[in-house]
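input_14.cif (mmCIF, C-alpha atoms, pLDDT in the B column; chains and numbers go by the auth columns) appears below.
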data_my_file
loop_
_atom_site.group_PDB
_atom_site.id
_atom_site.type_symbol
_atom_site.label_atom_id
_atom_site.label_comp_id
_atom_site.label_asym_id
_atom_site.label_seq_id
_atom_site.Cartn_x
_atom_site.Cartn_y
_atom_site.Cartn_z
_atom_site.B_iso_or_equiv
_atom_site.auth_seq_id
_atom_site.auth_asym_id
ATOM 1 C CA MET A 1 92.622 127.211 79.823 73.00 1 A
ATOM 2 C CA VAL A 2 90.772 129.280 82.369 77.00 2 A
ATOM 3 C CA PRO A 3 92.582 130.159 85.596 80.00 3 A
ATOM 4 C CA LEU A 4 91.162 128.576 88.706 81.00 4 A
ATOM 5 C CA SER A 5 90.712 131.986 90.266 82.00 5 A
ATOM 6 C CA TYR A 6 88.125 132.984 87.644 85.00 6 A
ATOM 7 C CA TYR A 7 85.970 130.066 88.678 86.00 7 A
ATOM 8 C CA LEU A 8 86.425 130.973 92.321 87.00 8 A
ATOM 9 C CA VAL A 9 85.431 134.571 91.635 88.00 9 A
ATOM 10 C CA LEU A 10 82.291 133.395 89.833 90.00 10 A
ATOM 11 C CA SER A 11 81.370 131.093 92.694 90.00 11 A
ATOM 12 C CA GLY A 12 82.061 133.872 95.181 89.00 12 A
ATOM 13 C CA VAL A 13 79.787 136.242 93.274 90.00 13 A
ATOM 14 C CA LEU A 14 77.015 133.635 93.235 91.00 14 A
ATOM 15 C CA PHE A 15 77.461 133.039 96.954 90.00 15 A
ATOM 16 C CA ALA A 16 77.354 136.779 97.633 89.00 16 A
ATOM 17 C CA CYS A 17 74.137 137.088 95.617 90.00 17 A
ATOM 18 C CA GLY A 18 72.692 134.277 97.707 90.00 18 A
ATOM 19 C CA VAL A 19 73.669 135.944 100.972 89.00 19 A
ATOM 20 C CA THR A 20 72.239 139.258 99.811 87.00 20 A
ATOM 21 C CA GLY A 21 68.981 137.611 98.806 88.00 21 A
ATOM 22 C CA PHE A 22 68.829 135.788 102.115 89.00 22 A
ATOM 23 C CA LEU A 23 69.149 139.091 103.935 86.00 23 A
ATOM 24 C CA ILE A 24 66.918 141.364 101.872 84.00 24 A
ATOM 25 C CA LYS A 25 64.118 139.066 100.726 83.00 25 A
ATOM 26 C CA ARG A 26 60.950 138.853 102.768 82.00 26 A
ATOM 27 C CA ASN A 27 59.282 135.875 101.170 81.00 27 A
ATOM 28 C CA ILE A 28 60.218 132.498 102.665 81.00 28 A
ATOM 29 C CA ILE A 29 60.270 130.815 99.249 83.00 29 A
ATOM 30 C CA THR A 30 62.620 133.422 97.835 86.00 30 A
ATOM 31 C CA ILE A 31 64.846 132.968 100.874 86.00 31 A
ATOM 32 C CA PHE A 32 65.036 129.247 100.083 84.00 32 A
ATOM 33 C CA MET A 33 65.942 130.126 96.511 86.00 33 A
ATOM 34 C CA SER A 34 68.761 132.301 97.829 89.00 34 A
ATOM 35 C CA ILE A 35 69.995 129.346 99.888 86.00 35 A
ATOM 36 C CA GLU A 36 69.997 127.267 96.711 86.00 36 A
ATOM 37 C CA LEU A 37 72.052 129.971 95.057 88.00 37 A
ATOM 38 C CA MET A 38 74.635 129.809 97.840 88.00 38 A
ATOM 39 C CA LEU A 39 74.815 126.007 97.633 86.00 39 A
ATOM 40 C CA ASN A 40 75.331 126.185 93.888 88.00 40 A
ATOM 41 C CA GLY A 41 78.106 128.720 94.249 88.00 41 A
ATOM 42 C CA VAL A 42 79.956 126.468 96.674 87.00 42 A
ATOM 43 C CA ASN A 43 79.453 123.478 94.402 86.00 43 A
ATOM 44 C CA LEU A 44 80.952 125.341 91.476 87.00 44 A
ATOM 45 C CA SER A 45 84.074 125.970 93.548 86.00 45 A
ATOM 46 C CA PHE A 46 84.231 122.250 94.468 84.00 46 A
ATOM 47 C CA VAL A 47 84.045 121.191 90.836 84.00 47 A
ATOM 48 C CA ALA A 48 86.611 123.809 89.812 83.00 48 A
ATOM 49 C CA PHE A 49 89.034 122.544 92.457 82.00 49 A
ATOM 50 C CA ALA A 50 88.376 119.002 91.291 81.00 50 A
ATOM 51 C CA ALA A 51 89.222 119.975 87.718 79.00 51 A
ATOM 52 C CA ARG A 52 92.367 121.776 88.840 77.00 52 A
ATOM 53 C CA TRP A 53 93.746 118.831 90.782 75.00 53 A
ATOM 54 C CA GLN A 54 92.318 116.175 88.468 71.00 54 A
ATOM 55 C CA GLN A 55 90.393 114.554 91.277 69.00 55 A
ATOM 56 C CA GLN A 56 87.052 112.835 91.034 67.00 56 A
ATOM 57 C CA LYS A 57 86.127 112.822 94.672 67.00 57 A
ATOM 58 C CA PRO A 58 85.086 116.459 95.148 65.00 58 A
ATOM 59 C CA GLN A 59 82.349 115.908 92.600 66.00 59 A
ATOM 60 C CA LEU A 60 80.678 113.665 95.136 67.00 60 A
ATOM 61 C CA ALA A 61 80.149 116.703 97.318 65.00 61 A
ATOM 62 C CA TRP A 62 77.281 117.630 95.046 62.00 62 A
ATOM 63 C CA PRO A 63 74.971 114.747 95.952 56.00 63 A
ATOM 64 C CA SER A 64 75.872 115.078 99.592 54.00 64 A
ATOM 65 C CA SER A 65 74.837 118.715 99.655 59.00 65 A
ATOM 66 C CA LEU A 66 71.486 117.870 98.105 60.00 66 A
ATOM 67 C CA PRO A 67 69.894 116.333 101.223 52.00 67 A
ATOM 68 C CA CYS A 68 70.920 119.394 103.204 55.00 68 A
ATOM 69 C CA SER A 69 68.944 121.634 100.880 58.00 69 A
ATOM 70 C CA ALA A 70 66.049 119.184 100.923 57.00 70 A
ATOM 71 C CA LEU A 71 66.119 119.149 104.709 54.00 71 A
ATOM 72 C CA ALA A 72 66.227 122.913 104.777 56.00 72 A
ATOM 73 C CA ARG A 73 63.206 123.033 102.545 58.00 73 A
ATOM 74 C CA LEU A 74 61.196 120.873 104.890 51.00 74 A
ATOM 75 C CA MET B 1 97.050 134.260 78.351 53.00 1 B
ATOM 76 C CA ALA B 2 95.560 133.738 74.939 61.00 2 B
ATOM 77 C CA ILE B 3 91.826 133.983 74.572 73.00 3 B
ATOM 78 C CA SER B 4 90.615 130.454 74.123 81.00 4 B
ATOM 79 C CA LEU B 5 87.244 128.944 73.375 82.00 5 B
ATOM 80 C CA HIS B 6 87.061 127.776 76.963 82.00 6 B
ATOM 81 C CA LEU B 7 87.509 131.305 78.256 84.00 7 B
ATOM 82 C CA ILE B 8 84.904 132.702 75.850 88.00 8 B
ATOM 83 C CA LEU B 9 82.317 130.092 76.809 88.00 9 B
ATOM 84 C CA PHE B 10 83.163 130.443 80.502 88.00 10 B
ATOM 85 C CA SER B 11 82.702 134.212 80.443 89.00 11 B
ATOM 86 C CA ALA B 12 79.519 134.074 78.363 91.00 12 B
ATOM 87 C CA PHE B 13 77.762 131.592 80.598 92.00 13 B
ATOM 88 C CA GLY B 14 79.266 133.127 83.720 92.00 14 B
ATOM 89 C CA LEU B 15 77.732 136.460 82.739 93.00 15 B
ATOM 90 C CA VAL B 16 74.367 134.793 82.098 94.00 16 B
ATOM 91 C CA CYS B 17 74.668 133.119 85.492 93.00 17 B
ATOM 92 C CA VAL B 18 75.437 136.327 87.372 93.00 18 B
ATOM 93 C CA ALA B 19 72.726 138.198 85.465 94.00 19 B
ATOM 94 C CA GLY B 20 70.217 135.560 86.500 93.00 20 B
ATOM 95 C CA ALA B 21 71.334 135.761 90.113 92.00 21 B
ATOM 96 C CA VAL B 22 71.039 139.559 90.144 92.00 22 B
ATOM 97 C CA ASN B 23 67.642 139.320 88.469 92.00 23 B
ATOM 98 C CA LEU B 24 66.568 136.940 91.234 90.00 24 B
ATOM 99 C CA LEU B 25 67.362 139.660 93.746 88.00 25 B
ATOM 100 C CA VAL B 26 65.736 142.469 91.799 88.00 26 B
ATOM 101 C CA GLN B 27 62.452 140.819 90.892 86.00 27 B
ATOM 102 C CA ARG B 28 59.613 141.335 93.313 86.00 28 B
ATOM 103 C CA HIS B 29 57.319 138.478 92.429 87.00 29 B
ATOM 104 C CA PRO B 30 58.539 135.031 93.577 87.00 30 B
ATOM 105 C CA ILE B 31 57.634 133.378 90.275 88.00 31 B
ATOM 106 C CA ASN B 32 59.990 135.711 88.406 89.00 32 B
ATOM 107 C CA SER B 33 62.720 134.889 90.905 89.00 33 B
ATOM 108 C CA ALA B 34 62.107 131.177 90.374 89.00 34 B
ATOM 109 C CA LEU B 35 62.347 131.552 86.591 90.00 35 B
ATOM 110 C CA SER B 36 65.619 133.461 86.846 92.00 36 B
ATOM 111 C CA LEU B 37 66.927 130.766 89.192 91.00 37 B
ATOM 112 C CA ILE B 38 66.313 128.262 86.383 91.00 38 B
ATOM 113 C CA VAL B 39 68.563 130.399 84.152 92.00 39 B
ATOM 114 C CA VAL B 40 71.272 130.290 86.837 92.00 40 B
ATOM 115 C CA MET B 41 71.002 126.509 87.162 91.00 41 B
ATOM 116 C CA GLY B 42 71.124 125.957 83.413 92.00 42 B
ATOM 117 C CA SER B 43 74.189 128.098 82.843 92.00 43 B
ATOM 118 C CA LEU B 44 75.900 126.478 85.843 91.00 44 B
ATOM 119 C CA ALA B 45 75.284 123.103 84.204 91.00 45 B
ATOM 120 C CA VAL B 46 77.114 124.389 81.128 91.00 46 B
ATOM 121 C CA GLU B 47 80.008 125.487 83.337 89.00 47 B
ATOM 122 C CA TYR B 48 80.206 121.998 84.839 88.00 48 B
ATOM 123 C CA LEU B 49 80.108 120.477 81.377 88.00 49 B
ATOM 124 C CA LEU B 50 82.982 122.723 80.284 86.00 50 B
ATOM 125 C CA LEU B 51 85.080 121.299 83.103 84.00 51 B
ATOM 126 C CA GLY B 52 84.233 117.751 82.054 81.00 52 B
ATOM 127 C CA ALA B 53 81.978 116.976 85.001 82.00 53 B
ATOM 128 C CA GLU B 54 79.362 115.341 82.813 83.00 54 B
ATOM 129 C CA PHE B 55 77.543 113.555 85.597 84.00 55 B
ATOM 130 C CA VAL B 56 77.277 116.656 87.755 83.00 56 B
ATOM 131 C CA ALA B 57 76.012 118.673 84.790 86.00 57 B
ATOM 132 C CA ALA B 58 73.353 116.101 83.953 87.00 58 B
ATOM 133 C CA VAL B 59 72.209 115.849 87.552 85.00 59 B
ATOM 134 C CA GLN B 60 72.203 119.628 87.831 85.00 60 B
ATOM 135 C CA VAL B 61 69.747 119.852 84.938 88.00 61 B
ATOM 136 C CA ILE B 62 67.602 116.906 86.000 88.00 62 B
ATOM 137 C CA VAL B 63 67.406 117.548 89.730 84.00 63 B
ATOM 138 C CA TYR B 64 67.865 121.300 90.109 83.00 64 B
ATOM 139 C CA ALA B 65 66.461 122.804 86.924 83.00 65 B
ATOM 140 C CA GLY B 66 63.869 120.050 86.725 82.00 66 B
ATOM 141 C CA ALA B 67 62.651 118.697 90.020 83.00 67 B
ATOM 142 C CA ILE B 68 63.511 121.376 92.542 82.00 68 B
ATOM 143 C CA MET B 69 62.324 124.248 90.379 85.00 69 B
ATOM 144 C CA VAL B 70 59.033 122.463 89.699 86.00 70 B
ATOM 145 C CA LEU B 71 58.719 122.079 93.465 83.00 71 B
ATOM 146 C CA PHE B 72 59.367 125.807 93.940 84.00 72 B
ATOM 147 C CA VAL B 73 56.832 126.835 91.317 85.00 73 B
ATOM 148 C CA PHE B 74 54.325 124.391 92.800 85.00 74 B
ATOM 149 C CA VAL B 75 54.790 125.811 96.294 83.00 75 B
ATOM 150 C CA ILE B 76 54.489 129.371 94.991 84.00 76 B
ATOM 151 C CA MET B 77 51.192 128.530 93.318 85.00 77 B
ATOM 152 C CA LEU B 78 49.988 126.548 96.340 84.00 78 B
ATOM 153 C CA LEU B 79 50.707 129.298 98.839 80.00 79 B
ATOM 154 C CA ASN B 80 49.517 131.931 96.383 78.00 80 B
ATOM 155 C CA ALA B 81 52.537 134.060 97.173 73.00 81 B
ATOM 156 C CA GLY B 82 52.100 137.658 96.136 74.00 82 B
ATOM 157 C CA GLU B 83 54.509 140.460 95.403 75.00 83 B
ATOM 158 C CA GLU B 84 56.713 141.374 98.279 74.00 84 B
ATOM 159 C CA GLU B 85 56.566 144.770 99.876 73.00 85 B
ATOM 160 C CA ARG B 86 59.704 146.800 99.912 72.00 86 B
ATOM 161 C CA THR B 87 60.924 149.035 102.648 71.00 87 B
ATOM 162 C CA GLY B 88 63.554 151.582 101.832 70.00 88 B
ATOM 163 C CA GLY B 89 66.102 150.049 104.172 70.00 89 B
ATOM 164 C CA SER B 90 67.507 151.805 107.182 77.00 90 B
ATOM 165 C CA ARG B 91 70.074 154.553 106.904 78.00 91 B
ATOM 166 C CA VAL B 92 72.665 152.434 108.675 79.00 92 B
ATOM 167 C CA ALA B 93 72.253 149.762 106.014 75.00 93 B
ATOM 168 C CA TRP B 94 72.820 152.264 103.224 78.00 94 B
ATOM 169 C CA LEU B 95 75.738 153.981 104.944 81.00 95 B
ATOM 170 C CA ILE B 96 77.644 151.009 106.353 83.00 96 B
ATOM 171 C CA GLY B 97 76.186 147.793 105.027 78.00 97 B
ATOM 172 C CA ILE B 98 76.415 148.315 101.277 80.00 98 B
ATOM 173 C CA PRO B 99 79.863 149.966 101.178 84.00 99 B
ATOM 174 C CA GLY B 100 81.171 147.356 103.593 86.00 100 B
ATOM 175 C CA MET B 101 79.811 144.552 101.466 82.00 101 B
ATOM 176 C CA LEU B 102 81.276 146.039 98.292 85.00 102 B
ATOM 177 C CA ALA B 103 84.649 146.532 99.973 88.00 103 B
ATOM 178 C CA GLY B 104 84.642 142.939 101.178 85.00 104 B
ATOM 179 C CA ALA B 105 83.770 141.668 97.715 83.00 105 B
ATOM 180 C CA VAL B 106 86.532 143.736 96.121 86.00 106 B
ATOM 181 C CA ILE B 107 89.095 142.495 98.657 87.00 107 B
ATOM 182 C CA ILE B 108 88.119 138.843 98.145 83.00 108 B
ATOM 183 C CA CYS B 109 88.184 139.178 94.339 82.00 109 B
ATOM 184 C CA TRP B 110 91.561 140.888 94.508 83.00 110 B
ATOM 185 C CA ALA B 111 92.967 138.195 96.765 81.00 111 B
ATOM 186 C CA LEU B 112 91.716 135.472 94.433 79.00 112 B
ATOM 187 C CA LEU B 113 92.889 137.119 91.231 79.00 113 B
ATOM 188 C CA ARG B 114 96.296 137.856 92.757 79.00 114 B
ATOM 189 C CA HIS B 115 96.843 134.104 92.830 73.00 115 B
ATOM 190 C CA SER B 116 95.737 133.516 89.259 67.00 116 B
ATOM 191 C CA ASP B 117 98.952 131.551 88.768 69.00 117 B
ATOM 192 C CA ALA B 118 97.626 128.933 91.175 67.00 118 B
ATOM 193 C CA GLY B 119 96.795 126.778 88.195 69.00 119 B
ATOM 194 C CA SER B 120 94.154 126.598 85.561 70.00 120 B
ATOM 195 C CA ALA B 121 91.364 124.288 84.595 71.00 121 B
ATOM 196 C CA VAL B 122 91.673 122.738 81.155 72.00 122 B
ATOM 197 C CA ILE B 123 88.504 122.196 79.181 70.00 123 B
ATOM 198 C CA GLY B 124 87.055 118.759 79.834 68.00 124 B
ATOM 199 C CA ALA B 125 89.807 118.079 82.372 68.00 125 B
ATOM 200 C CA LEU B 126 87.744 116.082 84.793 73.00 126 B
ATOM 201 C CA PRO B 127 87.152 112.331 84.614 73.00 127 B
ATOM 202 C CA GLY B 128 83.520 112.914 85.497 71.00 128 B
ATOM 203 C CA ALA B 129 81.659 110.367 83.400 77.00 129 B
ATOM 204 C CA PRO B 130 78.778 108.612 85.179 79.00 130 B
ATOM 205 C CA ALA B 131 80.670 105.296 85.208 82.00 131 B
ATOM 206 C CA ASP B 132 83.616 106.830 87.094 78.00 132 B
ATOM 207 C CA ILE B 133 81.319 108.500 89.589 79.00 133 B
ATOM 208 C CA ALA B 134 79.405 105.263 90.114 82.00 134 B
ATOM 209 C CA GLN B 135 82.640 103.390 90.783 81.00 135 B
ATOM 210 C CA LEU B 136 83.525 105.872 93.503 80.00 136 B
ATOM 211 C CA LEU B 137 80.049 106.215 94.928 79.00 137 B
ATOM 212 C CA PHE B 138 79.198 102.539 95.217 84.00 138 B
ATOM 213 C CA HIS B 139 82.612 101.211 96.236 83.00 139 B
ATOM 214 C CA GLN B 140 84.658 103.646 98.200 82.00 140 B
ATOM 215 C CA PHE B 141 81.870 105.891 99.457 82.00 141 B
ATOM 216 C CA LEU B 142 79.134 103.308 99.934 86.00 142 B
ATOM 217 C CA LEU B 143 78.748 103.927 103.659 88.00 143 B
ATOM 218 C CA PRO B 144 78.319 107.738 103.400 83.00 144 B
ATOM 219 C CA PHE B 145 75.881 107.133 100.569 83.00 145 B
ATOM 220 C CA GLU B 146 73.750 104.846 102.730 87.00 146 B
ATOM 221 C CA VAL B 147 73.966 107.214 105.694 87.00 147 B
ATOM 222 C CA THR B 148 72.742 109.995 103.409 81.00 148 B
ATOM 223 C CA SER B 149 69.771 107.895 102.368 83.00 149 B
ATOM 224 C CA ILE B 150 68.910 107.309 106.028 88.00 150 B
ATOM 225 C CA LEU B 151 69.096 111.076 106.530 82.00 151 B
ATOM 226 C CA VAL B 152 66.646 111.594 103.679 81.00 152 B
ATOM 227 C CA LEU B 153 64.372 108.924 105.156 86.00 153 B
ATOM 228 C CA ILE B 154 64.365 110.757 108.489 86.00 154 B
ATOM 229 C CA ALA B 155 63.534 113.977 106.646 80.00 155 B
ATOM 230 C CA ILE B 156 60.578 112.315 104.922 82.00 156 B
ATOM 231 C CA MET B 157 59.338 110.989 108.249 86.00 157 B
ATOM 232 C CA GLY B 158 59.669 114.449 109.752 81.00 158 B
ATOM 233 C CA ALA B 159 57.671 115.945 106.893 79.00 159 B
ATOM 234 C CA VAL B 160 54.911 113.369 107.351 83.00 160 B
ATOM 235 C CA VAL B 161 54.777 114.010 111.087 85.00 161 B
ATOM 236 C CA LEU B 162 54.660 117.777 110.611 81.00 162 B
ATOM 237 C CA ALA B 163 51.977 117.539 107.954 78.00 163 B
ATOM 238 C CA ALA B 164 49.814 115.051 109.853 80.00 164 B
ATOM 239 C CA ARG B 165 49.789 116.688 113.265 71.00 165 B
ATOM 240 C CA PRO B 166 46.935 119.231 112.875 64.00 166 B
ATOM 241 C CA GLU B 167 44.633 116.590 111.421 57.00 167 B
ATOM 242 C CA SER B 168 45.097 114.193 114.321 55.00 168 B
ATOM 243 C CA LYS B 169 44.448 117.016 116.777 56.00 169 B
ATOM 244 C CA GLN B 170 41.173 117.824 115.070 56.00 170 B
ATOM 245 C CA LYS B 171 40.278 114.161 115.124 55.00 171 B
ATOM 246 C CA THR B 172 40.850 113.877 118.855 54.00 172 B
ATOM 247 C CA LYS B 173 38.812 117.027 119.386 53.00 173 B
ATOM 248 C CA LYS B 174 35.923 115.600 117.415 52.00 174 B
ATOM 249 C CA GLU B 175 36.153 112.328 119.248 49.00 175 B
ATOM 250 C CA GLY B 176 36.337 114.053 122.605 43.00 176 B
#
Output the file's structure as structure tokens, nothing else.
Amino acid sequence: MVPLSYYLVLSGVLFACGVTGFLIKRNIITIFMSIELMLNGVNLSFVAFAARWQQQKPQLAWPSSLPCSALARL
Amino acid sequence: MAISLHLILFSAFGLVCVAGAVNLLVQRHPINSALSLIVVMGSLAVEYLLLGAEFVAAVQVIVYAGAIMVLFVFVIMLLNAGEEERTGGSRVAWLIGIPGMLAGAVIICWALLRHSDAGSAVIGALPGAPADIAQLLFHQFLLPFEVTSILVLIAIMGAVVLAARPESKQKTKKEG
């Protein structure tokens, strides 16, 4: 049993790392990597919420966020 | 709360994850950042697996740690990206930006941990097997799925147009 808030803190830390990288990095590829980091942090929070409420549907948010990152990369 | 196996594994891989993310920020060469991003993706897949989201974990490894990271490394080699130059950062950033960011992070963490009785995630709690996901994806969410594929198609067309434009210009110049 891990409290939901631990997962949220982890996802928040990942998101914060992504934002920091987005702001301080100067290479465009590294900036895209920081965006990926932010997306992954948000996805972790989705899956944690899904596990808390025993729902399957939030897991589908993962594939739907994928095209956004692919579009961003183009 | 008793220390369980779930908590131990969560903290271990969470630490690996955060260490990889911080390493991504610290490293100066893009290839080192890409390699540390792979560490982040892999440990996140373990976190998903701990929650029982088997499908998401598998796709995380296959798509993110596999395909997307190969794409990143390929682009880094193609563009021959070198080490980035560092500036010291302005004084305003050091005086206001960093303390403000730290204060915000502390406030958010405090607000989240204050509600640690909001419920907990049991290990393997999620019905996240591929069959369950497929049932949802291809029955209830078929239309969003198809709309997403159209979106990807448009993105591919955009990439082709963007990549082909300089060539056609040169061609018309030569012809003219």
Target residues per the PyMOL selection byres ((chain B) within 7 of (chain A)), formatted as a PyMOL selection string: chain B and resi 4+6-7+14+18+21-22+25+30+51+84+109+112-113+115-116+118-123+125-128+152+155+159
Keeping only C-alpha atoms, take the residues you just selected and write them out as a CSV table (one decimal), in the coordinates of the input.
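Writing the result to result32.csv gives the following:
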chain,number,residue,atom,x,y,z
B,4,SER,CA,90.6,130.5,74.1
B,6,HIS,CA,87.1,127.8,77.0
B,7,LEU,CA,87.5,131.3,78.3
B,14,GLY,CA,79.3,133.1,83.7
B,18,VAL,CA,75.4,136.3,87.4
B,21,ALA,CA,71.3,135.8,90.1
B,22,VAL,CA,71.0,139.6,90.1
B,25,LEU,CA,67.4,139.7,93.7
B,30,PRO,CA,58.5,135.0,93.6
B,51,LEU,CA,85.1,121.3,83.1
B,84,GLU,CA,56.7,141.4,98.3
B,109,CYS,CA,88.2,139.2,94.3
B,112,LEU,CA,91.7,135.5,94.4
B,113,LEU,CA,92.9,137.1,91.2
B,115,HIS,CA,96.8,134.1,92.8
B,116,SER,CA,95.7,133.5,89.3
B,118,ALA,CA,97.6,128.9,91.2
B,119,GLY,CA,96.8,126.8,88.2
B,120,SER,CA,94.2,126.6,85.6
B,121,ALA,CA,91.4,124.3,84.6
B,122,VAL,CA,91.7,122.7,81.2
B,123,ILE,CA,88.5,122.2,79.2
B,125,ALA,CA,89.8,118.1,82.4
B,126,LEU,CA,87.7,116.1,84.8
B,127,PRO,CA,87.2,112.3,84.6
B,128,GLY,CA,83.5,112.9,85.5
B,152,VAL,CA,66.6,111.6,103.7
B,155,ALA,CA,63.5,114.0,106.6
B,159,ALA,CA,57.7,115.9,106.9
Step by step: start from the point (60.8, 127.5, 86.5) in the file's coordinates, keep every protein, DNA or RNA residue that has an atom no farther than 10 Å from it, count only C-alpha atoms, and write the set as an NGL selection string. :B and (31-39 or 65-74)
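Take CA of Leu153 (chain B) and CA of Val59 (chain B): the distance between them is 20.5 Å.
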State, in Å with one decimal place, the distance from CA of Arg91 (chain B) to CA of Ala105 (chain B).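 Answer for the CA of Arg91 (chain B) to CA of Ala105 (chain B) separation: 20.9 Å.
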Can you measure CA of Ala12 (chain B) to CA of Ser43 (chain B) for me? One decimal in Å is fine. 9.2 Å
Can you report as AutoDock Vina command-line options the centre and edge lengths in Å, to one decimal, of an axis-aligned box around the listed atoms of region 39-53 of chain A padded with 4 Å on each side?
--center_x 84.3 --center_y 123.8 --center_z 92.7 --size_x 26.9 --size_y 17.9 --size_z 17.9
